[in-house]
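Student: Take a look at start07.pdb, PDB, C-alpha atoms:
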ATOM      1  CA  MET A   1      32.720 -12.035 -20.712  1.00  0.00           C
ATOM      2  CA  HIS A   2      31.987  -8.382 -19.909  1.00  0.00           C
ATOM      3  CA  GLU A   3      29.611  -8.360 -22.877  1.00  0.00           C
ATOM      4  CA  LEU A   4      26.918 -10.182 -20.838  1.00  0.00           C
ATOM      5  CA  PRO A   5      26.229  -7.318 -18.391  1.00  0.00           C
ATOM      6  CA  ILE A   6      26.480  -4.836 -21.276  1.00  0.00           C
ATOM      7  CA  THR A   7      23.927  -6.838 -23.253  1.00  0.00           C
ATOM      8  CA  GLU A   8      21.677  -7.060 -20.186  1.00  0.00           C
ATOM      9  CA  ASN A   9      21.772  -3.260 -19.949  1.00  0.00           C
ATOM     10  CA  ILE A  10      20.907  -2.884 -23.627  1.00  0.00           C
ATOM     11  CA  LEU A  11      17.970  -5.252 -23.170  1.00  0.00           C
ATOM     12  CA  GLU A  12      16.741  -3.378 -20.091  1.00  0.00           C
ATOM     13  CA  ILE A  13      16.864  -0.056 -21.960  1.00  0.00           C
ATOM     14  CA  ALA A  14      15.133  -1.475 -25.042  1.00  0.00           C
ATOM     15  CA  VAL A  15      12.362  -3.172 -23.028  1.00  0.00           C
ATOM     16  CA  ARG A  16      11.768  -0.043 -20.941  1.00  0.00           C
ATOM     17  CA  HIS A  17      11.558   2.257 -23.958  1.00  0.00           C
ATOM     18  CA  GLY A  18       9.480  -0.249 -25.900  1.00  0.00           C
ATOM     19  CA  GLN A  19       6.984  -0.530 -23.064  1.00  0.00           C
ATOM     20  CA  GLN A  20       6.826   3.255 -22.650  1.00  0.00           C
ATOM     21  CA  ALA A  21       5.969   3.515 -26.357  1.00  0.00           C
ATOM     22  CA  ASN A  22       3.349   0.738 -26.065  1.00  0.00           C
ATOM     23  CA  ALA A  23       5.308  -1.407 -28.499  1.00  0.00           C
ATOM     24  CA  VAL A  24       4.127  -4.858 -29.478  1.00  0.00           C
ATOM     25  CA  ARG A  25       7.745  -5.692 -30.146  1.00  0.00           C
ATOM     26  CA  VAL A  26      11.143  -4.140 -30.631  1.00  0.00           C
ATOM     27  CA  LYS A  27      12.300  -4.756 -34.208  1.00  0.00           C
ATOM     28  CA  ASP A  28      15.762  -3.197 -34.540  1.00  0.00           C
ATOM     29  CA  LEU A  29      18.446  -1.735 -32.315  1.00  0.00           C
ATOM     30  CA  TYR A  30      21.263   0.394 -33.680  1.00  0.00           C
ATOM     31  CA  LEU A  31      24.486   0.364 -31.670  1.00  0.00           C
ATOM     32  CA  VAL A  32      27.512   2.606 -32.162  1.00  0.00           C
ATOM     33  CA  ILE A  33      30.805   1.084 -31.020  1.00  0.00           C
ATOM     34  CA  GLY A  34      34.195   2.757 -31.159  1.00  0.00           C
ATOM     35  CA  GLN A  35      37.279   0.959 -32.469  1.00  0.00           C
ATOM     36  CA  LEU A  36      39.026   1.406 -29.122  1.00  0.00           C
ATOM     37  CA  SER A  37      36.243  -0.123 -27.055  1.00  0.00           C
ATOM     38  CA  SER A  38      36.791  -3.714 -26.035  1.00  0.00           C
ATOM     39  CA  ILE A  39      33.284  -4.750 -27.051  1.00  0.00           C
ATOM     40  CA  VAL A  40      32.966  -7.695 -29.436  1.00  0.00           C
ATOM     41  CA  ASP A  41      29.934  -7.562 -31.749  1.00  0.00           C
ATOM     42  CA  ASP A  42      29.584 -11.333 -31.998  1.00  0.00           C
ATOM     43  CA  SER A  43      29.539 -11.695 -28.214  1.00  0.00           C
ATOM     44  CA  ILE A  44      26.834  -9.047 -27.861  1.00  0.00           C
ATOM     45  CA  GLN A  45      24.805 -10.833 -30.535  1.00  0.00           C
ATOM     46  CA  PHE A  46      25.333 -14.219 -28.873  1.00  0.00           C
ATOM     47  CA  TYR A  47      24.114 -13.013 -25.480  1.00  0.00           C
ATOM     48  CA  TRP A  48      21.295 -11.001 -27.055  1.00  0.00           C
ATOM     49  CA  ASP A  49      19.867 -14.086 -28.744  1.00  0.00           C
ATOM     50  CA  ILE A  50      19.764 -15.867 -25.379  1.00  0.00           C
ATOM     51  CA  ILE A  51      18.580 -13.191 -22.950  1.00  0.00           C
ATOM     52  CA  SER A  52      16.004 -11.505 -25.191  1.00  0.00           C
ATOM     53  CA  LYS A  53      13.878 -14.665 -25.384  1.00  0.00           C
ATOM     54  CA  ASN A  54      10.343 -14.218 -24.041  1.00  0.00           C
ATOM     55  CA  THR A  55      10.618 -10.413 -24.065  1.00  0.00           C
ATOM     56  CA  ILE A  56       9.288  -7.814 -26.504  1.00  0.00           C
ATOM     57  CA  CYS A  57      12.827  -7.762 -27.914  1.00  0.00           C
ATOM     58  CA  GLU A  58      12.929 -11.413 -28.957  1.00  0.00           C
ATOM     59  CA  GLY A  59      13.963 -11.595 -32.608  1.00  0.00           C
ATOM     60  CA  ALA A  60      15.064  -7.955 -32.767  1.00  0.00           C
ATOM     61  CA  GLN A  61      17.965  -7.318 -35.116  1.00  0.00           C
ATOM     62  CA  LEU A  62      21.109  -5.704 -33.746  1.00  0.00           C
ATOM     63  CA  HIS A  63      22.913  -3.359 -36.115  1.00  0.00           C
ATOM     64  CA  PHE A  64      26.510  -2.440 -35.304  1.00  0.00           C
ATOM     65  CA  GLU A  65      28.203   0.711 -36.542  1.00  0.00           C
ATOM     66  CA  ARG A  66      31.927   0.873 -35.845  1.00  0.00           C
ATOM     67  CA  ILE A  67      33.556   4.276 -35.354  1.00  0.00           C
ATOM     68  CA  ALA A  68      37.213   4.547 -36.354  1.00  0.00           C
ATOM     69  CA  ALA A  69      39.672   5.851 -33.804  1.00  0.00           C
ATOM     70  CA  GLN A  70      40.848   9.434 -34.224  1.00  0.00           C
ATOM     71  CA  LEU A  71      43.631  11.063 -32.260  1.00  0.00           C
ATOM     72  CA  LEU A  72      44.486  14.711 -31.781  1.00  0.00           C
ATOM     73  CA  CYS A  73      48.179  15.527 -31.520  1.00  0.00           C
ATOM     74  CA  LEU A  74      48.585  17.943 -28.623  1.00  0.00           C
ATOM     75  CA  ASP A  75      51.926  19.130 -30.039  1.00  0.00           C
ATOM     76  CA  CYS A  76      50.895  20.199 -33.555  1.00  0.00           C
ATOM     77  CA  GLY A  77      47.086  20.072 -33.488  1.00  0.00           C
ATOM     78  CA  GLN A  78      46.703  17.566 -36.331  1.00  0.00           C
ATOM     79  CA  THR A  79      44.144  14.763 -36.177  1.00  0.00           C
ATOM     80  CA  TYR A  80      44.903  11.305 -37.452  1.00  0.00           C
ATOM     81  CA  GLY A  81      43.717   7.725 -37.300  1.00  0.00           C
ATOM     82  CA  PHE A  82      45.483   4.422 -36.932  1.00  0.00           C
ATOM     83  CA  GLU A  83      44.806   0.786 -37.640  1.00  0.00           C
ATOM     84  CA  HIS A  84      46.023  -1.466 -34.839  1.00  0.00           C
ATOM     85  CA  GLU A  85      48.246   0.263 -32.316  1.00  0.00           C
ATOM     86  CA  LEU A  86      48.836   3.776 -31.123  1.00  0.00           C
ATOM     87  CA  ILE A  87      51.454   5.526 -33.189  1.00  0.00           C
ATOM     88  CA  ALA A  88      53.271   8.815 -32.920  1.00  0.00           C
ATOM     89  CA  CYS A  89      51.805  11.725 -34.849  1.00  0.00           C
ATOM     90  CA  PRO A  90      52.602  11.219 -38.531  1.00  0.00           C
ATOM     91  CA  HIS A  91      52.888  15.009 -38.959  1.00  0.00           C
ATOM     92  CA  CYS A  92      55.337  15.939 -36.197  1.00  0.00           C
ATOM     93  CA  ASP A  93      56.257  12.604 -34.559  1.00  0.00           C
ATOM     94  CA  GLY A  94      54.752  13.893 -31.298  1.00  0.00           C
ATOM     95  CA  SER A  95      53.577  11.414 -28.699  1.00  0.00           C
ATOM     96  CA  ARG A  96      51.233  13.642 -26.670  1.00  0.00           C
ATOM     97  CA  VAL A  97      47.826  12.689 -28.016  1.00  0.00           C
ATOM     98  CA  LYS A  98      44.191  12.853 -27.024  1.00  0.00           C
ATOM     99  CA  VAL A  99      41.563  10.372 -28.218  1.00  0.00           C
ATOM    100  CA  ILE A 100      38.762  12.315 -29.921  1.00  0.00           C
ATOM    101  CA  ALA A 101      36.843   9.388 -31.441  1.00  0.00           C
ATOM    102  CA  GLY A 102      36.782   5.626 -31.122  1.00  0.00           C
ATOM    103  CA  GLU A 103      35.813   5.064 -27.498  1.00  0.00           C
ATOM    104  CA  GLU A 104      32.063   5.348 -28.108  1.00  0.00           C
ATOM    105  CA  PHE A 105      29.504   2.818 -27.045  1.00  0.00           C
ATOM    106  CA  GLN A 106      25.879   3.795 -27.273  1.00  0.00           C
ATOM    107  CA  LEU A 107      22.452   2.607 -28.231  1.00  0.00           C
ATOM    108  CA  GLN A 108      21.728   5.111 -30.983  1.00  0.00           C
ATOM    109  CA  SER A 109      18.140   4.200 -31.844  1.00  0.00           C
ATOM    110  CA  ILE A 110      15.402   1.607 -31.458  1.00  0.00           C
ATOM    111  CA  GLU A 111      12.713   0.697 -33.984  1.00  0.00           C
ATOM    112  CA  ILE A 112       9.489  -0.706 -32.612  1.00  0.00           C
ATOM    113  CA  GLU A 113       6.236  -2.145 -33.858  1.00  0.00           C
ATOM    114  CA  THR A 114       3.049  -0.807 -32.295  1.00  0.00           C
TER     115      THR A 114
END
What do you get writing this file as structure tokens?
Tutor:
Amino acid sequence: MHELPITENILEIAVRHGQQANAVRVKDLYLVIGQLSSIVDDSIQFYWDIISKNTICEGAQLHFERIAAQLLCLDCGQTYGFEHELIACPHCDGSRVKVIAGEEFQLQSIEIET
């Protein structure tokens, strides 16, 4: 359910930038979403299709790029990824880790038609 306010923010940003660029319409939006974020692509798309109606963003395509999670072991300095759940460092079995990728959520770019 938290995807609705997120999608509203994306729409507000896209409309504002589209209007500033004198766009006739916004064609494409490129979103970067980290593996560790709790954002569901299908939910964003669902809300987008509803709330973008009657705006310059109506019909714009959303493109989702997922960024894999990467951890840095604070014990040995190695970086590693994981699939589903946090795991100890495969190099030293250390459990002190820092997330260095995978929490991203950003609107990377917007394509418009003028």
Student: Residues picked by the PyMOL selection byres ((chain A and resi 7) around 12) here, as a ChimeraX atom specification?
Tutor: /A:1-6,8-14,29,31,39-52,62,105-107
Student: How many Å lie between CA of Ile33 in chain A and CA of Leu74 in chain A, rounded to one decimal?
Tutor: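 These two atoms are separated by 24.6 Å.
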Student: Evaluate the PyMOL selection byres ((chain A and resi 112) around 10) against this structure - the residues, as number ranges by chain, please.
Tutor: A: 14, 17-19, 21-29, 56-57, 60, 109-111, 113-114
Student: Deliver the residues from the most recent selection as a file, using C-alpha atoms, as a compact mmCIF listing (two decimals), keeping the file's coordinate frame.
Tutor:
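Full text of out35.txt as output:
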# COMPACT_ATOMS: atom_id res chain seq x y z
CA ALA A 14 15.13 -1.48 -25.04
CA HIS A 17 11.56 2.26 -23.96
CA GLY A 18 9.48 -0.25 -25.90
CA GLN A 19 6.98 -0.53 -23.06
CA ALA A 21 5.97 3.52 -26.36
CA ASN A 22 3.35 0.74 -26.06
CA ALA A 23 5.31 -1.41 -28.50
CA VAL A 24 4.13 -4.86 -29.48
CA ARG A 25 7.74 -5.69 -30.15
CA VAL A 26 11.14 -4.14 -30.63
CA LYS A 27 12.30 -4.76 -34.21
CA ASP A 28 15.76 -3.20 -34.54
CA LEU A 29 18.45 -1.74 -32.32
CA ILE A 56 9.29 -7.81 -26.50
CA CYS A 57 12.83 -7.76 -27.91
CA ALA A 60 15.06 -7.96 -32.77
CA SER A 109 18.14 4.20 -31.84
CA ILE A 110 15.40 1.61 -31.46
CA GLU A 111 12.71 0.70 -33.98
CA GLU A 113 6.24 -2.14 -33.86
CA THR A 114 3.05 -0.81 -32.30
Student: Mind giving me the straight-line distance from CA of Asp75 in chain A to CA of Ser38 in chain A in Å, one decimal?
Tutor: 27.7 Å
Student: Could you work out how far CA of Tyr80 in chain A lies from CA of Val97 in chain A, giving the answer in Å with one decimal?
Tutor: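 Distance reported for this atom pair: 10.0 Å.
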Student: From the list A:Val32, A:Ile67, A:Val15, A:Leu72, which residue is nearest Gly94 in chain A when using all atoms listed in the file?
Tutor: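 The answer is A:Leu72, which sits nearest to Gly94 in chain A.
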Student: Step by step, work through what the PyMOL selection byres ((chain A and resi 79) around 10) selects in the shown file, and finish by giving those residues as a count of residues only.
Tutor: 17
Student: Of the candidates A:Phe82, A:Tyr30, A:Ala88, A:Asp93, which shows the shortest atom-to-atom distance to Gln61 in chain A, using only C-alpha atoms?
Tutor: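 Of all the options, A:Tyr30 lies closest to Gln61 in chain A.
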